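Presented below is the structure to which this report refers.
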Amino acid sequence: MATPSRRGLSLTQLIFVGLVIGILVGWAVERFDPSWAPVIRPFSQIFLRLIKMIIAPLIFTSLVAGIAGAGHVRAVGRMGIRALIYFEVVTTLALAIGLFAVNVIQPGVGVNLPPPGPNEYTAKPQSWQEILLHTVPTSVVQAMAENDVLQIVVFAIFFAIALGMIGEKARPIIALCEAITETMFKLTNIVMKYAPVGVGAAIAYTVGHGGLKILINLGLLVATLYGALLLFVLLVLLPVALAFGVPLRRFAQAVKEPAVIAFTTTTSEAALPRAMEKLEEFGIPRRIVSFILPLGYSFNLDGSTLYLSLAAVFVAQAANVELSVGQQVTMLLTLMLTSKGVAGVPRASLVILAGTLASYGLPLEGITLILGVDELMDMARTMINVVGNCLATVIVAKWERAV
């Protein structure tokens with residue numbers, strides 16, 4: 001008789017196990033011998049190095065494949081341009097609300113992460129001329145070697161536009177970028193298998209170094225995200241829906257099931273087929289649903305972009321690094337671009353966040369701490385991604401007078 005297959009723990013469950021073990025180890029270290037804390041730290045730093053090695057190729061190839069390969073800029077015409085304008089405005093507002101919430105509540109204050117070394121620290125005051133010049137790389141190789149996300153994005157956009165201009169000859173390069181992107185996604189999955197060890201070691205080091213009060217900060221971070229997402233719904237999505245005359249009760253009924261699927265699975269893709277079906281039942285023409293909704297999955301991740309701005313400043317607060325208003329605005333612009341590159345990919349926001357932190361010389365140890373409660377935050381931000389894209393599809397349909 002065949003033995004039934006046994007399913008092991010999921011990655012999320014393993015991360016929680018690593019988190020609990022790390023807390024216990026950290027508590028024991030702090031209580032009995034704090035000098036052991038630095039011995040644990042290298043095991044979390046290995047995880048951070050693995051993440052850093054993925055950043056440049058993933059962001060570059062995914063942006064090139066997304067812009068040049070899918071033909072988003074050329075093939076959409078008037079409807080696509082309207083959709084892209086809407087996406088950029090709404091995601092920028094999401095980022096701004098994330099920055100506002102994290103600066104008001106300051107959930108990272110008191111964590112006391114080890115600050116970056118003197119050679120890593122790059123978050124220093126810059127004039128607007130320096131900021132402007134820094135966006136354009138003098139060498140894309142140098143930008144990739146230093147994981148300078150903004151410069152990689154700028155080069156990738158120009159490169160993708162150039163590919164789009166040469167037509168059929170560009171197909172092999174686009175296919176190569178798509179293949180590399182898929183490979184980097186698989187590599188990300190491989191790296192994430194080490195995440196439970198990395199998270200456990202990071203929380204053990206932090207608790208051993210600073211005590212159990214870190215758990216209060218993580219709880220406050222989760223509460224800040226949920227509050228900021230609620231603020232985003234009330235201040236952005238609701239007024240937009242009212243302005244365009246969207247019937248709120250009917251819309252809520254239509255998106256309820258896809259939103260629940262997204263919340264429980266933490267995967268936007270799982271909700272996509274049902275969302276398309278429900279929007280067609282709502283009265284949106286199939287030609288609009290089949291184009292705008294998938295486009296939104298690449299360019300309109302409201303919940304994820306809000307989370308990224310909040311998480312980045314949380315790490316800065318945890319490391320006692322003061323970011324000026326100008327630096328936070330520049331970070332907002334960087335995240336606005338980079339969050340478009342790896343849409344819908346599990347743990348993709350982790351890679352984007354790592355690249356942004358590296359660009360500002362912030363310690364990546366903050367990521368491993370956040371990862372311990374990431375599942376709780378991922379549920380909410382994924383649901384908002386789906387709801388936001390469903391609303392965007394309805395808005396574009398009304399803009400086009402198709403409903």
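Every chain in the structure tokens takes a letter, A first, then B, and so on in the order presented; its residues are numbered from 1, and the ligands are numbered from 1 following the presented order.
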
Task: Shell around Ile214 in chain A at 12 Å using only C-alpha atoms, local window under 2 positions removed, as a ChimeraX atom specification - done: /A:23,26-27,107-113,202-212,216-221,318,366,369-370,372

Kindly export the residues of the current selection with N, CA and C atoms, as an mmCIF file, in the first residue's frame.
```cif
data_model
loop_
_atom_site.group_PDB
_atom_site.id
_atom_site.type_symbol
_atom_site.label_atom_id
_atom_site.label_comp_id
_atom_site.auth_asym_id
_atom_site.auth_seq_id
_atom_site.Cartn_x
_atom_site.Cartn_y
_atom_site.Cartn_z
ATOM 1 N N ILE A 23 13.906 34.370 19.404
ATOM 2 C CA ILE A 23 13.538 35.159 20.588
ATOM 3 C C ILE A 23 14.014 34.459 21.856
ATOM 4 N N GLY A 26 17.811 34.634 22.037
ATOM 5 C CA GLY A 26 18.206 36.001 22.372
ATOM 6 C C GLY A 26 17.963 36.330 23.825
ATOM 7 N N TRP A 27 16.800 35.873 24.344
ATOM 8 C CA TRP A 27 16.498 36.104 25.761
ATOM 9 C C TRP A 27 17.531 35.424 26.656
ATOM 10 N N PRO A 107 7.450 53.736 14.735
ATOM 11 C CA PRO A 107 7.520 52.409 15.361
ATOM 12 C C PRO A 107 8.934 51.873 15.523
ATOM 13 N N GLY A 108 9.901 52.420 14.769
ATOM 14 C CA GLY A 108 11.272 51.908 14.843
ATOM 15 C C GLY A 108 12.123 52.534 15.926
ATOM 16 N N VAL A 109 11.642 53.621 16.520
ATOM 17 C CA VAL A 109 12.433 54.311 17.544
ATOM 18 C C VAL A 109 12.585 53.415 18.775
ATOM 19 N N GLY A 110 13.826 53.215 19.200
ATOM 20 C CA GLY A 110 14.084 52.399 20.372
ATOM 21 C C GLY A 110 14.580 51.006 20.073
ATOM 22 N N VAL A 111 14.561 50.608 18.785
ATOM 23 C CA VAL A 111 15.035 49.256 18.436
ATOM 24 C C VAL A 111 16.548 49.165 18.599
ATOM 25 N N ASN A 112 17.253 50.226 18.168
ATOM 26 C CA ASN A 112 18.714 50.288 18.275
ATOM 27 C C ASN A 112 19.421 49.179 17.499
ATOM 28 N N LEU A 113 19.088 49.089 16.211
ATOM 29 C CA LEU A 113 19.842 48.204 15.321
ATOM 30 C C LEU A 113 21.277 48.692 15.246
ATOM 31 N N ALA A 202 18.872 36.882 13.350
ATOM 32 C CA ALA A 202 18.740 38.335 13.480
ATOM 33 C C ALA A 202 17.979 38.720 14.739
ATOM 34 N N ILE A 203 16.870 38.030 14.994
ATOM 35 C CA ILE A 203 16.079 38.383 16.182
ATOM 36 C C ILE A 203 16.826 37.972 17.451
ATOM 37 N N ALA A 204 17.583 36.854 17.375
ATOM 38 C CA ALA A 204 18.370 36.428 18.543
ATOM 39 C C ALA A 204 19.436 37.462 18.868
ATOM 40 N N TYR A 205 20.110 37.960 17.830
ATOM 41 C CA TYR A 205 21.145 38.975 18.049
ATOM 42 C C TYR A 205 20.535 40.256 18.609
ATOM 43 N N THR A 206 19.402 40.672 18.021
ATOM 44 C CA THR A 206 18.790 41.937 18.435
ATOM 45 C C THR A 206 18.245 41.853 19.855
ATOM 46 N N VAL A 207 17.558 40.742 20.181
ATOM 47 C CA VAL A 207 17.036 40.573 21.540
ATOM 48 C C VAL A 207 18.184 40.417 22.533
ATOM 49 N N GLY A 208 19.208 39.636 22.129
ATOM 50 C CA GLY A 208 20.366 39.467 23.003
ATOM 51 C C GLY A 208 21.102 40.764 23.236
ATOM 52 N N HIS A 209 21.041 41.652 22.245
ATOM 53 C CA HIS A 209 21.756 42.925 22.323
ATOM 54 C C HIS A 209 20.926 43.995 23.035
ATOM 55 N N GLY A 210 19.577 43.977 22.793
ATOM 56 C CA GLY A 210 18.769 45.084 23.310
ATOM 57 C C GLY A 210 17.574 44.706 24.143
ATOM 58 N N GLY A 211 17.314 43.411 24.317
ATOM 59 C CA GLY A 211 16.211 42.996 25.181
ATOM 60 C C GLY A 211 14.922 42.716 24.429
ATOM 61 N N LEU A 212 13.920 42.225 25.165
ATOM 62 C CA LEU A 212 12.641 41.799 24.576
ATOM 63 C C LEU A 212 11.756 42.962 24.130
ATOM 64 N N ILE A 216 7.713 44.837 21.058
ATOM 65 C CA ILE A 216 6.730 45.927 21.082
ATOM 66 C C ILE A 216 6.832 46.734 19.799
ATOM 67 N N ASN A 217 8.058 46.987 19.348
ATOM 68 C CA ASN A 217 8.257 47.755 18.114
ATOM 69 C C ASN A 217 7.686 47.022 16.899
ATOM 70 N N LEU A 218 7.873 45.698 16.846
ATOM 71 C CA LEU A 218 7.350 44.935 15.710
ATOM 72 C C LEU A 218 5.826 44.958 15.698
ATOM 73 N N GLY A 219 5.211 44.840 16.871
ATOM 74 C CA GLY A 219 3.757 44.932 16.957
ATOM 75 C C GLY A 219 3.260 46.302 16.527
ATOM 76 N N LEU A 220 3.998 47.329 16.919
ATOM 77 C CA LEU A 220 3.639 48.698 16.534
ATOM 78 C C LEU A 220 3.792 48.901 15.027
ATOM 79 N N LEU A 221 4.793 48.247 14.421
ATOM 80 C CA LEU A 221 4.980 48.323 12.967
ATOM 81 C C LEU A 221 3.777 47.740 12.240
ATOM 82 N N ALA A 318 15.053 52.511 13.337
ATOM 83 C CA ALA A 318 15.620 51.460 14.176
ATOM 84 C C ALA A 318 17.135 51.576 14.282
ATOM 85 N N GLY A 366 17.554 45.162 9.431
ATOM 86 C CA GLY A 366 16.157 45.531 9.631
ATOM 87 C C GLY A 366 15.201 44.665 8.841
ATOM 88 N N LEU A 369 14.349 41.426 10.646
ATOM 89 C CA LEU A 369 13.395 41.663 11.735
ATOM 90 C C LEU A 369 11.976 41.790 11.181
ATOM 91 N N ILE A 370 11.836 42.589 10.118
ATOM 92 C CA ILE A 370 10.519 42.788 9.509
ATOM 93 C C ILE A 370 9.965 41.471 8.987
ATOM 94 N N GLY A 372 10.029 38.644 10.152
ATOM 95 C CA GLY A 372 9.376 37.856 11.185
ATOM 96 C C GLY A 372 7.887 38.118 11.291
#
```

TODO: Might you pull out every residue within 12 Å of Tyr226 in chain A, with only C-alpha atoms counted and same-chain residues fewer than 6 positions away left off, and present them as a PyMOL selection string?
DONE: chain A and resi 97-98+101-102+219-220+232-233+303+306-307+310+376-384

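For the atom pair formed by CA of Ala241 in chain A and CA of Val394 in chain A, the distance is 8.9 Å, given to one decimal.
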
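Rounded to one decimal, CA of Leu132 in chain A and CA of Gln106 in chain A lie 28.8 Å from each other.
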
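If only C-alpha atoms are the atoms counted, then among A:Pro38, A:Pro258, A:Gly245, A:Pro57 the closest residue to Met144 in chain A is A:Pro57.
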
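Nearest residue to Thr224 in chain A, choosing from A:Leu163, A:Asn189, A:Phe100, A:Glu168 and counting only C-alpha atoms: A:Phe100.
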
TODO: Go through A:Leu362, A:Leu234, A:Leu187, A:Ile284 one by one, measure the shortest atom-to-atom distance of each to Trp399 in chain A using only C-alpha atoms, and give the residue with the smallest value.
DONE: A:Ile284

- [ ] Write down as a ChimeraX atom specification the residues belonging to range 150-348 of chain A that are assigned helix (DSSP H, G or I) by DSSP computed on the backbone.
- [x] /A:150-165,167-192,195-210,214-243,248-265,268-282,286-299,302-318,325-338,348

Task: Within 12 Å of Arg287 in chain A using only C-alpha atoms, minus same-chain residues under 6 positions, as a PyMOL selection string - done: chain A and resi 76+79+276+279-280+293-294+393+396-397+400+402

Open item on the list: Please list as a PyMOL selection string every residue within 9 Å of Leu84 in chain A, counting only C-alpha atoms and excluding residues in the same chain fewer than 2 positions away.
Closed with: chain A and resi 73+79-82+86-89+295-296+299-300

TODO: Would you list the contacts of Ile157 in chain A as a VMD selection string, taking every protein, DNA or RNA residue within 9 Å and counting only C-alpha atoms, but skipping same-chain residues closer than 6 positions in sequence?
DONE: chain A and resid 60 63 to 64 67 to 68

If you keep C-alpha atoms, can you produce a file of those selected residues as a JSON list (two decimals), in the first residue's frame?
```
[["chain", "number", "residue", "atom", "x", "y", "z"],
["A", 60, "PHE", "CA", 17.17, 45.44, -14.40],
["A", 63, "LEU", "CA", 11.95, 46.27, -15.78],
["A", 64, "VAL", "CA", 13.29, 45.74, -19.29],
["A", 67, "ILE", "CA", 8.40, 47.68, -20.42],
["A", 68, "ALA", "CA", 9.83, 46.43, -23.71]]
```

Task: All residues 9 Å or closer to Ala56 in chain A, only C-alpha atoms, same chain fewer than 5 positions away omitted, as an MDAnalysis selection string - done: chainID A and resid 61 143:149 152 355

Selection to disk with N, CA and C atoms, as a PDB file, in the first residue's frame:
```pdb
ATOM      1  N   THR A  61      16.482  43.279 -15.305  1.00  0.00           N
ATOM      2  CA  THR A  61      15.842  42.420 -16.314  1.00  0.00           C
ATOM      3  C   THR A  61      14.324  42.466 -16.226  1.00  0.00           C
ATOM      4  N   ALA A 143      26.958  51.034 -11.186  1.00  0.00           N
ATOM      5  CA  ALA A 143      25.660  51.122 -10.515  1.00  0.00           C
ATOM      6  C   ALA A 143      25.209  49.752 -10.027  1.00  0.00           C
ATOM      7  N   MET A 144      25.415  48.729 -10.857  1.00  0.00           N
ATOM      8  CA  MET A 144      25.019  47.368 -10.456  1.00  0.00           C
ATOM      9  C   MET A 144      25.942  46.826  -9.369  1.00  0.00           C
ATOM     10  N   ALA A 145      27.237  47.119  -9.485  1.00  0.00           N
ATOM     11  CA  ALA A 145      28.188  46.638  -8.472  1.00  0.00           C
ATOM     12  C   ALA A 145      27.877  47.231  -7.103  1.00  0.00           C
ATOM     13  N   GLU A 146      27.397  48.478  -7.097  1.00  0.00           N
ATOM     14  CA  GLU A 146      27.089  49.157  -5.834  1.00  0.00           C
ATOM     15  C   GLU A 146      25.621  49.035  -5.444  1.00  0.00           C
ATOM     16  N   ASN A 147      24.833  48.278  -6.245  1.00  0.00           N
ATOM     17  CA  ASN A 147      23.394  48.121  -6.001  1.00  0.00           C
ATOM     18  C   ASN A 147      22.694  49.470  -5.874  1.00  0.00           C
ATOM     19  N   ASP A 148      23.056  50.408  -6.744  1.00  0.00           N
ATOM     20  CA  ASP A 148      22.409  51.718  -6.744  1.00  0.00           C
ATOM     21  C   ASP A 148      21.100  51.592  -7.533  1.00  0.00           C
ATOM     22  N   VAL A 149      20.010  51.383  -6.806  1.00  0.00           N
ATOM     23  CA  VAL A 149      18.745  51.013  -7.434  1.00  0.00           C
ATOM     24  C   VAL A 149      18.243  52.080  -8.396  1.00  0.00           C
ATOM     25  N   ILE A 152      20.112  52.047 -11.633  1.00  0.00           N
ATOM     26  CA  ILE A 152      19.762  50.844 -12.395  1.00  0.00           C
ATOM     27  C   ILE A 152      18.411  51.034 -13.079  1.00  0.00           C
ATOM     28  N   GLY A 355      17.294  46.719  -1.800  1.00  0.00           N
ATOM     29  CA  GLY A 355      17.995  47.615  -2.704  1.00  0.00           C
ATOM     30  C   GLY A 355      17.907  49.065  -2.268  1.00  0.00           C
TER      31      GLY A 355
END
```

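Every protein, DNA or RNA residue with an atom at most 8 Å from Val351 in chain A, where only C-alpha atoms count and chain neighbours fewer than 2 positions away do not, is listed here: Ile51, Lys52, Ile54, Ile55, Arg347, Ala348, Ser349, Leu353, Ala354 and Gly355 of chain A.
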
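Candidate residues A:Glu30, A:Glu365, A:Glu257, A:Glu375 were compared for distance to Val199 in chain A, and the nearest is A:Glu365, using only C-alpha atoms.
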
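For the choices A:Leu58, A:Ala275, A:Val17, A:Met331, the atom-to-atom distance to Thr356 in chain A is smallest for A:Met331 when using only C-alpha atoms.
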